[in-house]
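Shown below: target-v9.cif, with mmCIF, N, CA and C atoms.
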```
data_structure
#
loop_
_atom_site.label_atom_id
_atom_site.label_comp_id
_atom_site.auth_asym_id
_atom_site.auth_seq_id
_atom_site.Cartn_x
_atom_site.Cartn_y
_atom_site.Cartn_z
N MET A 217 -2.19 40.68 9.18
CA MET A 217 -1.65 39.73 8.26
C MET A 217 -2.46 38.43 8.27
N LEU A 218 -2.91 38.01 9.45
CA LEU A 218 -3.70 36.81 9.57
C LEU A 218 -5.03 36.95 8.82
N ASN A 219 -5.68 38.07 8.90
CA ASN A 219 -6.94 38.29 8.20
C ASN A 219 -6.78 38.23 6.69
N PHE A 220 -5.63 38.58 6.24
CA PHE A 220 -5.38 38.55 4.81
C PHE A 220 -5.48 37.12 4.26
N PHE A 221 -4.87 36.14 4.95
CA PHE A 221 -4.91 34.75 4.49
C PHE A 221 -6.30 34.15 4.62
N ILE A 222 -7.00 34.49 5.66
CA ILE A 222 -8.34 33.95 5.86
C ILE A 222 -9.28 34.46 4.76
N SER A 223 -9.17 35.69 4.42
CA SER A 223 -10.05 36.23 3.39
C SER A 223 -9.76 35.57 2.04
N ASN A 224 -8.52 35.23 1.76
CA ASN A 224 -8.21 34.54 0.51
C ASN A 224 -8.85 33.15 0.49
N ALA A 225 -8.82 32.46 1.62
CA ALA A 225 -9.42 31.14 1.67
C ALA A 225 -10.91 31.22 1.43
N TRP A 226 -11.57 32.18 2.03
CA TRP A 226 -13.01 32.35 1.81
C TRP A 226 -13.28 32.73 0.35
N ALA A 227 -12.42 33.48 -0.22
CA ALA A 227 -12.62 33.92 -1.59
C ALA A 227 -12.49 32.73 -2.55
N GLN A 228 -11.56 31.85 -2.29
CA GLN A 228 -11.40 30.70 -3.16
C GLN A 228 -12.58 29.74 -3.06
N ALA A 229 -13.10 29.55 -1.86
CA ALA A 229 -14.22 28.64 -1.68
C ALA A 229 -15.49 29.20 -2.31
N ALA A 230 -15.65 30.47 -2.28
CA ALA A 230 -16.86 31.08 -2.82
C ALA A 230 -16.68 31.53 -4.26
N GLY A 231 -15.65 31.07 -4.92
CA GLY A 231 -15.35 31.53 -6.28
C GLY A 231 -16.35 31.08 -7.32
N GLY A 232 -17.22 30.15 -7.01
CA GLY A 232 -18.22 29.73 -7.96
C GLY A 232 -17.80 28.54 -8.80
N ALA A 233 -16.54 28.18 -8.78
CA ALA A 233 -16.08 27.03 -9.56
C ALA A 233 -16.33 25.76 -8.74
N ALA A 234 -17.14 24.87 -9.26
CA ALA A 234 -17.46 23.63 -8.55
C ALA A 234 -16.31 22.64 -8.69
N ALA A 235 -16.13 21.83 -7.66
CA ALA A 235 -15.09 20.80 -7.70
C ALA A 235 -15.50 19.74 -8.73
N PRO A 236 -14.53 19.21 -9.47
CA PRO A 236 -14.87 18.20 -10.47
C PRO A 236 -15.39 16.93 -9.80
N GLU A 237 -16.40 16.32 -10.38
CA GLU A 237 -16.98 15.09 -9.85
C GLU A 237 -16.07 13.92 -10.20
N ILE A 238 -15.89 13.01 -9.24
CA ILE A 238 -15.04 11.84 -9.46
C ILE A 238 -15.94 10.66 -9.81
N ASN A 239 -15.54 9.93 -10.82
CA ASN A 239 -16.28 8.75 -11.26
C ASN A 239 -16.25 7.70 -10.14
N PRO A 240 -17.39 7.11 -9.77
CA PRO A 240 -17.41 6.13 -8.68
C PRO A 240 -16.54 4.90 -8.97
N ILE A 241 -16.40 4.53 -10.23
CA ILE A 241 -15.57 3.39 -10.56
C ILE A 241 -14.10 3.69 -10.25
N VAL A 242 -13.68 4.90 -10.52
CA VAL A 242 -12.30 5.30 -10.24
C VAL A 242 -12.04 5.29 -8.73
N SER A 243 -13.02 5.65 -7.93
CA SER A 243 -12.82 5.65 -6.48
C SER A 243 -12.74 4.23 -5.92
N PHE A 244 -13.33 3.22 -6.59
CA PHE A 244 -13.24 1.84 -6.14
C PHE A 244 -12.07 1.09 -6.77
N LEU A 245 -11.36 1.71 -7.69
CA LEU A 245 -10.25 1.07 -8.37
C LEU A 245 -9.17 0.55 -7.43
N PRO A 246 -8.75 1.30 -6.40
CA PRO A 246 -7.75 0.74 -5.47
C PRO A 246 -8.24 -0.52 -4.76
N PHE A 247 -9.50 -0.58 -4.38
CA PHE A 247 -10.04 -1.77 -3.72
C PHE A 247 -10.07 -2.97 -4.68
N ILE A 248 -10.39 -2.71 -5.92
CA ILE A 248 -10.41 -3.77 -6.92
C ILE A 248 -9.00 -4.31 -7.15
N LEU A 249 -8.02 -3.42 -7.23
CA LEU A 249 -6.64 -3.84 -7.41
C LEU A 249 -6.13 -4.64 -6.22
N ILE A 250 -6.49 -4.23 -5.01
CA ILE A 250 -6.08 -4.96 -3.81
C ILE A 250 -6.69 -6.36 -3.83
N PHE A 251 -7.96 -6.48 -4.20
CA PHE A 251 -8.60 -7.80 -4.28
C PHE A 251 -7.90 -8.70 -5.30
N VAL A 252 -7.55 -8.14 -6.45
CA VAL A 252 -6.87 -8.93 -7.48
C VAL A 252 -5.52 -9.44 -6.96
N VAL A 253 -4.78 -8.58 -6.27
CA VAL A 253 -3.48 -8.99 -5.71
C VAL A 253 -3.69 -10.09 -4.67
N PHE A 254 -4.67 -9.93 -3.78
CA PHE A 254 -4.95 -10.95 -2.78
C PHE A 254 -5.36 -12.26 -3.44
N TYR A 255 -6.13 -12.19 -4.50
CA TYR A 255 -6.57 -13.41 -5.18
C TYR A 255 -5.38 -14.20 -5.70
N PHE A 256 -4.46 -13.51 -6.40
CA PHE A 256 -3.34 -14.22 -7.00
C PHE A 256 -2.26 -14.60 -6.01
N LEU A 257 -2.14 -13.88 -4.91
CA LEU A 257 -1.09 -14.20 -3.94
C LEU A 257 -1.56 -15.09 -2.80
N LEU A 258 -2.84 -15.07 -2.46
CA LEU A 258 -3.32 -15.83 -1.30
C LEU A 258 -4.40 -16.86 -1.64
N ILE A 259 -5.46 -16.43 -2.25
CA ILE A 259 -6.63 -17.30 -2.44
C ILE A 259 -6.34 -18.41 -3.44
N ARG A 260 -5.82 -18.07 -4.59
CA ARG A 260 -5.58 -19.06 -5.65
C ARG A 260 -4.59 -20.15 -5.23
N PRO A 261 -3.45 -19.81 -4.63
CA PRO A 261 -2.54 -20.89 -4.19
C PRO A 261 -3.15 -21.80 -3.13
N GLN A 262 -3.97 -21.25 -2.23
CA GLN A 262 -4.62 -22.09 -1.22
C GLN A 262 -5.62 -23.04 -1.85
N GLN A 263 -6.36 -22.57 -2.84
CA GLN A 263 -7.32 -23.44 -3.52
C GLN A 263 -6.59 -24.55 -4.28
N LYS A 264 -5.47 -24.22 -4.88
CA LYS A 264 -4.69 -25.22 -5.63
C LYS A 264 -4.16 -26.28 -4.67
N LYS A 265 -3.63 -25.84 -3.53
CA LYS A 265 -3.10 -26.79 -2.54
C LYS A 265 -4.21 -27.68 -1.99
N ALA A 266 -5.39 -27.12 -1.75
CA ALA A 266 -6.52 -27.91 -1.24
C ALA A 266 -6.95 -28.96 -2.26
N LYS A 267 -6.96 -28.61 -3.53
CA LYS A 267 -7.32 -29.59 -4.56
C LYS A 267 -6.30 -30.71 -4.64
N GLU A 268 -5.01 -30.38 -4.54
CA GLU A 268 -3.97 -31.40 -4.57
C GLU A 268 -4.09 -32.34 -3.37
N ARG A 269 -4.37 -31.79 -2.19
CA ARG A 269 -4.52 -32.60 -0.99
C ARG A 269 -5.74 -33.51 -1.11
N GLN A 270 -6.84 -32.99 -1.63
CA GLN A 270 -8.04 -33.79 -1.81
C GLN A 270 -7.79 -34.95 -2.77
N ALA A 271 -7.06 -34.69 -3.83
CA ALA A 271 -6.74 -35.75 -4.79
C ALA A 271 -5.84 -36.80 -4.13
N MET A 272 -4.91 -36.38 -3.29
CA MET A 272 -4.03 -37.32 -2.59
C MET A 272 -4.83 -38.19 -1.64
N VAL A 273 -5.77 -37.60 -0.90
CA VAL A 273 -6.58 -38.36 0.06
C VAL A 273 -7.47 -39.36 -0.67
N GLU A 274 -8.01 -38.98 -1.81
CA GLU A 274 -8.87 -39.89 -2.57
C GLU A 274 -8.08 -41.03 -3.20
N ALA A 275 -6.77 -40.83 -3.44
CA ALA A 275 -5.95 -41.84 -4.11
C ALA A 275 -5.24 -42.77 -3.13
N LEU A 276 -5.55 -42.70 -1.84
CA LEU A 276 -4.89 -43.56 -0.87
C LEU A 276 -5.24 -45.03 -1.12
N LYS A 277 -4.29 -45.91 -0.82
CA LYS A 277 -4.52 -47.34 -0.98
C LYS A 277 -3.81 -48.09 0.14
N LYS A 278 -4.15 -49.35 0.31
CA LYS A 278 -3.53 -50.17 1.35
C LYS A 278 -2.03 -50.23 1.13
N GLY A 279 -1.29 -50.18 2.23
CA GLY A 279 0.16 -50.26 2.16
C GLY A 279 0.85 -48.92 2.08
N ASP A 280 0.11 -47.83 1.83
CA ASP A 280 0.72 -46.49 1.80
C ASP A 280 1.15 -46.10 3.20
N LYS A 281 2.32 -45.49 3.30
CA LYS A 281 2.77 -44.94 4.57
C LYS A 281 2.32 -43.48 4.62
N VAL A 282 1.65 -43.12 5.72
CA VAL A 282 1.06 -41.79 5.82
C VAL A 282 1.45 -41.12 7.13
N ILE A 283 1.30 -39.80 7.15
CA ILE A 283 1.46 -39.00 8.35
C ILE A 283 0.12 -38.33 8.60
N THR A 284 -0.38 -38.43 9.84
CA THR A 284 -1.66 -37.83 10.19
C THR A 284 -1.47 -36.41 10.67
N THR A 285 -2.56 -35.67 10.80
CA THR A 285 -2.49 -34.31 11.31
C THR A 285 -2.02 -34.29 12.76
N GLY A 286 -2.21 -35.37 13.48
CA GLY A 286 -1.75 -35.47 14.86
C GLY A 286 -0.30 -35.88 14.98
N GLY A 287 0.35 -36.22 13.87
CA GLY A 287 1.75 -36.57 13.88
C GLY A 287 2.03 -38.06 13.91
N LEU A 288 0.99 -38.89 13.87
CA LEU A 288 1.21 -40.34 13.83
C LEU A 288 1.70 -40.76 12.44
N ILE A 289 2.65 -41.67 12.44
CA ILE A 289 3.16 -42.20 11.18
C ILE A 289 2.83 -43.68 11.15
N GLY A 290 2.19 -44.12 10.09
CA GLY A 290 1.80 -45.52 10.02
C GLY A 290 1.51 -45.96 8.60
N THR A 291 1.16 -47.23 8.49
CA THR A 291 0.85 -47.85 7.20
C THR A 291 -0.64 -48.17 7.15
N ILE A 292 -1.27 -47.84 6.05
CA ILE A 292 -2.70 -48.09 5.90
C ILE A 292 -2.94 -49.60 5.79
N THR A 293 -3.86 -50.10 6.64
CA THR A 293 -4.20 -51.53 6.58
C THR A 293 -5.62 -51.76 6.11
N ASN A 294 -6.49 -50.76 6.28
CA ASN A 294 -7.88 -50.91 5.86
C ASN A 294 -8.43 -49.54 5.46
N LEU A 295 -9.16 -49.50 4.35
CA LEU A 295 -9.74 -48.24 3.85
C LEU A 295 -11.25 -48.31 3.89
N GLY A 296 -11.87 -47.25 4.36
CA GLY A 296 -13.31 -47.10 4.29
C GLY A 296 -13.61 -45.80 3.57
N THR A 297 -14.88 -45.47 3.47
CA THR A 297 -15.23 -44.21 2.80
C THR A 297 -14.84 -43.01 3.65
N LYS A 298 -14.97 -43.12 4.98
CA LYS A 298 -14.61 -42.01 5.86
C LYS A 298 -13.53 -42.39 6.88
N ILE A 299 -13.41 -43.67 7.19
CA ILE A 299 -12.48 -44.10 8.23
C ILE A 299 -11.39 -44.97 7.63
N ILE A 300 -10.16 -44.72 8.07
CA ILE A 300 -9.00 -45.49 7.63
C ILE A 300 -8.36 -46.10 8.86
N THR A 301 -7.90 -47.34 8.74
CA THR A 301 -7.17 -47.98 9.82
C THR A 301 -5.69 -47.98 9.44
N ILE A 302 -4.87 -47.45 10.36
CA ILE A 302 -3.43 -47.47 10.11
C ILE A 302 -2.74 -48.25 11.22
N GLN A 303 -1.66 -48.90 10.84
CA GLN A 303 -0.86 -49.64 11.81
C GLN A 303 0.34 -48.76 12.14
N ILE A 304 0.44 -48.37 13.44
CA ILE A 304 1.52 -47.47 13.84
C ILE A 304 2.68 -48.22 14.50
N ALA A 305 2.44 -49.44 14.94
CA ALA A 305 3.48 -50.31 15.49
C ALA A 305 3.01 -51.74 15.30
N GLU A 306 3.88 -52.69 15.58
CA GLU A 306 3.52 -54.10 15.42
C GLU A 306 2.36 -54.43 16.32
N GLY A 307 1.20 -54.77 15.74
CA GLY A 307 0.01 -55.13 16.49
C GLY A 307 -0.80 -53.96 17.02
N VAL A 308 -0.41 -52.72 16.70
CA VAL A 308 -1.15 -51.54 17.16
C VAL A 308 -1.79 -50.87 15.95
N ARG A 309 -3.10 -50.91 15.91
CA ARG A 309 -3.85 -50.31 14.80
C ARG A 309 -4.76 -49.22 15.34
N VAL A 310 -4.84 -48.14 14.59
CA VAL A 310 -5.62 -46.97 15.00
C VAL A 310 -6.57 -46.62 13.86
N LYS A 311 -7.81 -46.33 14.23
CA LYS A 311 -8.78 -45.86 13.24
C LYS A 311 -8.80 -44.34 13.28
N ILE A 312 -8.70 -43.74 12.10
CA ILE A 312 -8.74 -42.28 12.01
C ILE A 312 -9.65 -41.89 10.84
N LEU A 313 -10.05 -40.64 10.84
CA LEU A 313 -10.83 -40.13 9.72
C LEU A 313 -9.93 -39.92 8.52
N ARG A 314 -10.47 -40.16 7.35
CA ARG A 314 -9.72 -39.99 6.11
C ARG A 314 -9.22 -38.54 5.98
N ALA A 315 -10.00 -37.60 6.47
CA ALA A 315 -9.63 -36.18 6.36
C ALA A 315 -8.42 -35.83 7.23
N ASN A 316 -8.07 -36.70 8.19
CA ASN A 316 -6.94 -36.41 9.07
C ASN A 316 -5.61 -36.89 8.51
N ILE A 317 -5.59 -37.40 7.29
CA ILE A 317 -4.34 -37.76 6.65
C ILE A 317 -3.73 -36.47 6.11
N GLU A 318 -2.54 -36.17 6.60
CA GLU A 318 -1.86 -34.93 6.19
C GLU A 318 -1.07 -35.11 4.89
N GLU A 319 -0.26 -36.18 4.85
CA GLU A 319 0.56 -36.38 3.66
C GLU A 319 1.05 -37.82 3.59
N LEU A 320 1.51 -38.19 2.43
CA LEU A 320 2.14 -39.48 2.24
C LEU A 320 3.59 -39.38 2.72
N LYS A 321 4.05 -40.43 3.40
CA LYS A 321 5.42 -40.43 3.90
C LYS A 321 6.32 -41.00 2.82
N ASP A 322 7.42 -40.30 2.58
CA ASP A 322 8.40 -40.80 1.62
C ASP A 322 9.11 -42.00 2.20
N GLU A 323 9.46 -42.92 1.33
CA GLU A 323 10.20 -44.10 1.77
C GLU A 323 11.59 -43.67 2.19
N GLU A 324 12.06 -44.24 3.27
CA GLU A 324 13.39 -43.89 3.79
C GLU A 324 14.43 -44.84 3.31
#
```
Go ahead and express the file in the form of structure tokens.
Amino acid sequence: MLNFFISNAWAQAAGGAAAPEINPIVSFLPFILIFVVFYFLLIRPQQKKAKERQAMVEALKKGDKVITTGGLIGTITNLGTKIITIQIAEGVRVKILRANIEELKDEE
């Protein structure tokens, strides 16, 4: 009984009918679809958020209350092209890089 099934398998393989060729574009279609999904769900929102943050950092002015990436909360007292001075307490001023400003603090 076992030989019967094996002979059928050999007969099908040697039948002379070639397997249909698959278009290479069709074989890459799942990868293309995955990339499109990743673009709209991950890459595009991150780029949008980065642009918004960059615009916020460029629009900083004296007197703005900010939160730094290190968690310091203070008021901007001096602006430079790369360095900002913030006052975190009465008489305590800290110089930080402009890129380390995380967000503007809402007024309480």
What would the selection look like, as a list in words, if the PyMOL selection byres (((chain A and resi 290 and name CA) around 9) and name CA) were run on the coordinates I just shared?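 Evaluating the PyMOL selection byres (((chain A and resi 290 and name CA) around 9) and name CA) on these coordinates yields Asp280, Lys281, Val282, Ile283, Thr284, Leu288, Ile289, Thr291, Ile292, Ile302, Gln303, Ile304, Ala305, Arg309 and Lys321 of chain A.
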Evaluate the PyMOL selection byres ((chain A and resi 294-298) around 6.5) on the structure here and hand back the selected residues as a JSON list (two decimals) with N, CA and C atoms, in the frame of the given file.
```json
[["chain", "number", "residue", "atom", "x", "y", "z"],
["A", 278, "LYS", "N", -4.15, -49.35, 0.31],
["A", 278, "LYS", "CA", -3.53, -50.17, 1.35],
["A", 278, "LYS", "C", -2.03, -50.23, 1.13],
["A", 291, "THR", "N", 1.16, -47.23, 8.49],
["A", 291, "THR", "CA", 0.85, -47.85, 7.20],
["A", 291, "THR", "C", -0.64, -48.17, 7.15],
["A", 292, "ILE", "N", -1.27, -47.84, 6.05],
["A", 292, "ILE", "CA", -2.70, -48.09, 5.90],
["A", 292, "ILE", "C", -2.94, -49.60, 5.79],
["A", 293, "THR", "N", -3.86, -50.10, 6.64],
["A", 293, "THR", "CA", -4.20, -51.53, 6.58],
["A", 293, "THR", "C", -5.62, -51.76, 6.11],
["A", 299, "ILE", "N", -13.41, -43.67, 7.19],
["A", 299, "ILE", "CA", -12.48, -44.10, 8.23],
["A", 299, "ILE", "C", -11.39, -44.97, 7.63],
["A", 300, "ILE", "N", -10.16, -44.72, 8.07],
["A", 300, "ILE", "CA", -9.00, -45.49, 7.63],
["A", 300, "ILE", "C", -8.36, -46.10, 8.86],
["A", 301, "THR", "N", -7.90, -47.34, 8.74],
["A", 301, "THR", "CA", -7.17, -47.98, 9.82],
["A", 301, "THR", "C", -5.69, -47.98, 9.44],
["A", 302, "ILE", "N", -4.87, -47.45, 10.36],
["A", 302, "ILE", "CA", -3.43, -47.47, 10.11],
["A", 302, "ILE", "C", -2.74, -48.25, 11.22],
["A", 312, "ILE", "N", -8.70, -43.74, 12.10],
["A", 312, "ILE", "CA", -8.74, -42.28, 12.01],
["A", 312, "ILE", "C", -9.65, -41.89, 10.84],
["A", 313, "LEU", "N", -10.05, -40.64, 10.84],
["A", 313, "LEU", "CA", -10.83, -40.13, 9.72],
["A", 313, "LEU", "C", -9.93, -39.92, 8.52],
["A", 314, "ARG", "N", -10.47, -40.16, 7.35],
["A", 314, "ARG", "CA", -9.72, -39.99, 6.11],
["A", 314, "ARG", "C", -9.22, -38.54, 5.98],
["A", 315, "ALA", "N", -10.00, -37.60, 6.47],
["A", 315, "ALA", "CA", -9.63, -36.18, 6.36],
["A", 315, "ALA", "C", -8.42, -35.83, 7.23]]
```
Selection in question (the file shown): the PyMOL selection byres ((chain A and resi 285) around 5). Which residues does it include, as number ranges by chain? A: 283-284, 286-287, 316-318
Between atom C of Ala266 of chain A and atom C of Val252 of chain A, what is the spacing in Å? 20.1 Å
What is the distance, in Å and to one decimal place, between atom N of Leu258 of chain A and atom N of Pro246 of chain A?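 These atoms are spaced 17.8 Å apart.
Residues of segment 249-323 of chain A assigned to alpha helix (DSSP H) by DSSP on this structure's backbone: A:Leu249, A:Ile250, A:Phe251, A:Val252, A:Val253, A:Phe254, A:Arg260, A:Pro261, A:Gln262, A:Gln263, A:Lys264, A:Lys265, A:Ala266, A:Lys267, A:Glu268, A:Arg269, A:Gln270, A:Ala271, A:Met272, A:Val273, A:Glu274.
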Give me, please, the distance in Å between atom CA of Gln263 of chain A and atom CA of Phe247 of chain A, quoted to one decimal. 21.8 Å
Can you list every residue in segment 231-303 of chain A that DSSP puts in strand (DSSP E), as a PyMOL selection string? chain A and resi 281-284+289-295+299-303
